[in-house]
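The structure appears right after this line, and notes come after that.
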Amino acid sequence: MEPSASNDTDILQGKNVLEMLTVANEYCLFLEKCEDYNRGDIMSYLQKICPLLYLKGTLLPLVTVNHPEANERFVTEEQWGSIYQTLVSKFGKQDQYIMVDSPDQSDPEIRKASMADNFADVYQDLKDFVMLYQKNTLSARENAVNECRRLFETHWGFRLVNAHRHLHYLMFSGPAEDRDIPVDYY
């Protein structure tokens with residue numbers, strides 16, 4: 001049995017979607033202003049919000065999209081590049097890390113990765129979600145939630161956990177006095 005428009009609206013305005021929207025918006029707003037923060041503050045913020053974004057991504061409902069043509073992307077290459085460049089500048093030599101990439105577990109590949117690239121990709125997917133959801137039509141919201149969930153499973157979820165793993169290593173390896181964590185963290 002197909003859910004009614006009323007049920008779709010209830011799901012699209014439910015707790016899990018609204019909480020994801022709130023956390024995604026906070027993440028995007030922070031990254032848009034990250035040039036105003038030092039590396040330690042950025043790392044501390046990302047260390048805390050990454051698990052929350054991941055959790056909220058896992059809770060997004062399955063949504064039937066009735067008008068896929070209403071799906072839109074909003075973040076431009078220039079906007080992505082600005083976020084990326086700012087993060088590369090802030091992270092410096094700590095941006096790059098080595099990871100094992102094994103999507104299907106059959107042929108693992110060791111490659112270089114970039115926290116700035118990963119966090120900028122997450123920004124792009126989440127900003128598109130926030131912008132599309134704010135169009136305030138049923139078809140826009142269906143597409144926003146559906147696309148955010150799909151991209152969590154195939155794109156930004158992977159990038160988030162990979163970058164967070166490296167971030168954790170940077171923040172918690174070595175003596176406490178040498179770590180790049182704000183003093184008020186302890």
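Ordering of the structure tokens sets the chain letters (A, B, ...); residue numbers start at 1 within each chain; ligands are numbered from 1 in the order shown.
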Leaving out His168 (chain A) and any residue of its chain fewer than 5 positions from it, which residues lie within 9 Å of it when counting only C-alpha atoms, given as a PDB file with N, CA and C atoms, in the first residue's frame?
```
ATOM      1  N   GLN A  47      35.874  16.872  15.127  1.00  0.00           N
ATOM      2  CA  GLN A  47      35.969  15.649  15.923  1.00  0.00           C
ATOM      3  C   GLN A  47      34.645  15.363  16.631  1.00  0.00           C
ATOM      4  N   ALA A 163      37.941  10.478   7.101  1.00  0.00           N
ATOM      5  CA  ALA A 163      38.560  11.710   7.594  1.00  0.00           C
ATOM      6  C   ALA A 163      38.532  11.744   9.120  1.00  0.00           C
ATOM      7  N   SER A 173      47.217  11.144  19.324  1.00  0.00           N
ATOM      8  CA  SER A 173      48.496  10.437  19.317  1.00  0.00           C
ATOM      9  C   SER A 173      49.554  11.374  19.896  1.00  0.00           C
TER      10      SER A 173
END
```
Could you name the residues that touch Ala116 (chain A) at 7 Å or less, counting only C-alpha atoms, but leaving out those on the same chain fewer than 2 positions away, as a CSV table (one decimal) with C-alpha atoms, in the first residue's frame?
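Output contents, as saved in selection-v5.csv:
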```csv
chain,number,residue,atom,x,y,z
A,84,TYR,CA,38.6,22.9,0.2
A,87,LEU,CA,40.7,23.6,4.9
A,88,VAL,CA,43.9,22.6,3.1
A,95,ASP,CA,45.8,17.1,5.7
A,114,SER,CA,42.9,14.4,2.1
A,118,ASN,CA,36.7,14.6,2.3
A,119,PHE,CA,35.2,17.3,4.5
A,120,ALA,CA,34.5,19.5,1.4
```
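Between CA of Val145 (chain A) and CA of Tyr123 (chain A) there is a distance of 15.5 Å.
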(Q) Applying 8 Å and only C-alpha atoms, which residues near Tyr97 (chain A) remain after dropping the ones on its own chain fewer than 6 positions away? List them as number ranges by chain. (A) A: 112-115, 166
Those residues you just picked out, can you put them in a file as a tab-separated table (two decimals), in the first residue's frame with C-alpha atoms?
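The resulting result18.tsv:
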```tsv
chain	number	residue	atom	x	y	z
A	112	LYS	CA	46.59	8.98	-0.31
A	113	ALA	CA	43.56	10.86	0.94
A	114	SER	CA	42.87	14.39	2.11
A	115	MET	CA	40.79	15.51	5.08
A	166	HIS	CA	42.66	10.42	10.63
```
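Going from CA of Asn66 (chain A) over to CA of Tyr133 (chain A), you cover 15.1 Å.
Distances here use only C-alpha atoms; by that measure, the residue among A:Leu53, A:Met43, A:Val63, A:Met20 closest to Leu160 (chain A) is A:Leu53.
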Q: Quick one: pick out all alpha helix (DSSP H) residues within region 33-176 of chain A from a backbone DSSP run and write them as number ranges by chain.
A: A: 39-58, 77-91, 115-133, 138-151, 157-172
